[in-house]
Every structure is written in C-alpha cells, then in structure tokens.
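Accompanying notes for the structure given below.
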Amino acid sequence: MTQSKTLFSHPFSAAYWKLAWAQTRNLRILTLAALCMALKMAVASFRIPVGDQLYIYFTYLITAVQCAVCGPVVGVLCGGIGDLIEFAIAPNGPFFPGYTLSSMAGALVFGLFLFHTRITVWRLILSRLIINLGVNVLMGSLWSYLLYSHGYLYYFFQSLIKNTLLLPLEVILLVFFFRMLSPFLQRRGWIVPQQPRRSKA
C-alpha cells in the first residue's frame, strides 16, 4: 500500500481519520509498529540519572517515532498491547489498567501532533508538555491515589515537580532525535515530505 503524502494542518477532519484508520490494514505499517514495540521493550531498562530519583528513559522517543509513522489509531493500539505484554513479561507489582490507559493516552497525543503533519519544534514541545502534565501528572497521580495510601494532592505535587524538571531535557532529546531521523524517515517514505506549504485541513 502506498503511503499518502498529504500534510494535514490539524487532525480535525474526516480525511485525517480515514487515513489514520487505514494504517490498521497496512501490513508494512503494522510490521514497523511491532518492531517499535519490541525495541521499546528492549530499551525499557536503560535510563540516565539526572538527579535524586530523576531518570530519563528512552522509550518515549521510540513511541513518538512510531506514532509519527503509524498514526494515532495504531499508536493507541500498540500502547495498550505493549503495556500488557510488558506486564506479562516483567510484572512490577499488581496489574492496574490505569497505567495501560496512560500508555494509550500518551501514544494518542504523539499521534495527533506528529502524524502526517509538518513536525516542528513547537509540535514536539507541545506534545511532550501535554504528556508530562496531562498524562503523567494528572492521570498518573490519580492512579497512585487509587493504589496507595496518600492523598491525590501529595502525588500530584510530587509528580508535577518531577515532570517539570524532566521536561526540558526530554524535549531537547526529542527534538534532536527527530532532527537526526527525519531525513532517513522521509527517504524511506515513512513520514511525509516536510514541506511547510502543502497542507490540507
């Protein structure tokens, strides 16, 4: 199946979602998505310490590329399936579906901001900002509140500090990662040519 080269300025159109759903029937896309899931599991244990109990992980970089190539629908499916597989392989405490939902939500954000659009620095910043504050802080604090003994605000402020401190470093890595990979991804036809004036609402 030939990839469409349409650039969308936003995801709020029928054509955008028709293309996003079509990715679920593209064997080439599904194969690439599966490879990304396997790569994320392989690098999940690698991290960079940047402070007291602060670590940068690399799996979000792979998720971002996966969603930029495969779209939000495949990204959400892979986020859910990947979380379940990771828990089955290496369980860390009791299973809680909230974390699966968070994984799917993070993939949705990356997909909405990066799939078949011009991948700008601002899109990368906003996507990571929403994930850090919306998914990690708001949703993650709720899951911790439901699972553990402290109140919601305790986990909220703890997570807010952590994610705010990590945000600049994660954004820098994300921008560098895409700057490095974009030419290769365009040559392979995995992302659309990044032409700023070819857009479709």
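Chain identifiers are assigned as A, B, and so on, following the order in which chains appear in the structure tokens; residues are numbered from 1 within each chain, and ligands are numbered from 1 in order of appearance.
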Pro49 of chain A environment, 12 Å, only C-alpha atoms, sequence neighbours closer than 5 positions dropped, as an MDAnalysis selection string
chainID A and resid 54:57 166 169
Give me, as a Markdown table, the closest atom pair and its distance (Å, one decimal) for every residue of segment 37-92 of chain A within a cut-off of 9 Å of segment 182-192 of chain A, counting only C-alpha atoms, rows sorted by chain and rising number.
| residue | atom | partner | partner_atom | distance |
| --- | --- | --- | --- | --- |
| A:Ala68 | CA | A:Ile191 | CA | 7.0 |
| A:Val69 | CA | A:Trp190 | CA | 5.5 |
| A:Cys70 | CA | A:Trp190 | CA | 8.3 |
Return as a compact mmCIF listing (two decimals) with N, CA and C atoms, in the first residue's frame the full set of residues in segment 7-193 of chain A whose backbone-based DSSP assignment is strand (DSSP E or B).
# COMPACT_ATOMS: atom_id res chain seq x y z
N PHE A 8 -1.46 17.37 6.84
CA PHE A 8 -2.63 17.96 7.48
C PHE A 8 -2.18 19.04 8.46
N ARG A 47 18.32 3.85 31.34
CA ARG A 47 17.92 5.16 31.81
C ARG A 47 19.16 5.99 32.14
N ILE A 48 18.97 7.31 32.15
CA ILE A 48 20.03 8.24 32.51
C ILE A 48 19.64 8.95 33.80
N PRO A 49 20.44 8.81 34.88
CA PRO A 49 20.13 9.55 36.11
C PRO A 49 20.49 11.02 35.93
N VAL A 50 19.56 11.90 36.26
CA VAL A 50 19.82 13.35 36.13
C VAL A 50 19.60 14.07 37.46
N GLY A 51 19.33 13.34 38.51
CA GLY A 51 19.12 13.93 39.83
C GLY A 51 18.65 12.88 40.80
N LEU A 54 15.54 11.01 39.80
CA LEU A 54 15.11 11.53 38.50
C LEU A 54 15.87 10.79 37.39
N TYR A 55 15.14 10.21 36.47
CA TYR A 55 15.75 9.45 35.39
C TYR A 55 15.08 9.80 34.07
N ILE A 56 15.88 9.82 33.02
CA ILE A 56 15.33 9.95 31.68
C ILE A 56 15.35 8.58 31.03
N TYR A 57 14.19 8.15 30.55
CA TYR A 57 14.07 6.90 29.82
C TYR A 57 13.97 7.21 28.33
For Tyr145 of chain A, find every residue with an atom within 12 Å (counting only C-alpha atoms), except residues of its own chain fewer than 4 positions away, and show them as a short mmCIF file (atom, residue, chain, number, x, y, z; two decimals) with C-alpha atoms, in the first residue's frame.
data_model
loop_
_atom_site.label_atom_id
_atom_site.label_comp_id
_atom_site.auth_asym_id
_atom_site.auth_seq_id
_atom_site.Cartn_x
_atom_site.Cartn_y
_atom_site.Cartn_z
CA GLY A 98 -4.93 2.84 34.62
CA VAL A 137 0.82 14.29 36.35
CA LEU A 138 -3.00 14.39 36.22
CA MET A 139 -3.69 10.79 35.28
CA GLY A 140 -0.65 9.26 36.97
CA SER A 141 -1.42 10.99 40.27
CA SER A 149 -2.13 5.43 50.90
CA HIS A 150 -1.53 9.17 50.37
CA GLY A 151 -4.00 11.74 49.05
CA TYR A 152 -4.25 12.87 45.43
CA LEU A 153 -2.52 16.24 46.03
CA TYR A 154 0.50 14.51 47.56
CA TYR A 155 1.10 12.54 44.37
CA PHE A 156 0.09 15.47 42.17
CA GLN A 158 5.37 15.13 43.67
CA SER A 159 4.72 14.22 40.03
#
Please measure the separation of atom CA of Thr164 of chain A and atom CA of Leu101 of chain A, giving the value in Å to one decimal.
21.5 Å
Rounded to one decimal in Å, what is the spacing between atom CA of Leu142 of chain A and atom CA of Thr100 of chain A?
13.4 Å
Distance of atom CA of Val109 of chain A from atom CA of Leu19 of chain A, expressed in Å to one decimal place
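Interatomic distance, atom CA of Leu19 of chain A to atom CA of Val109 of chain A: 16.7 Å.
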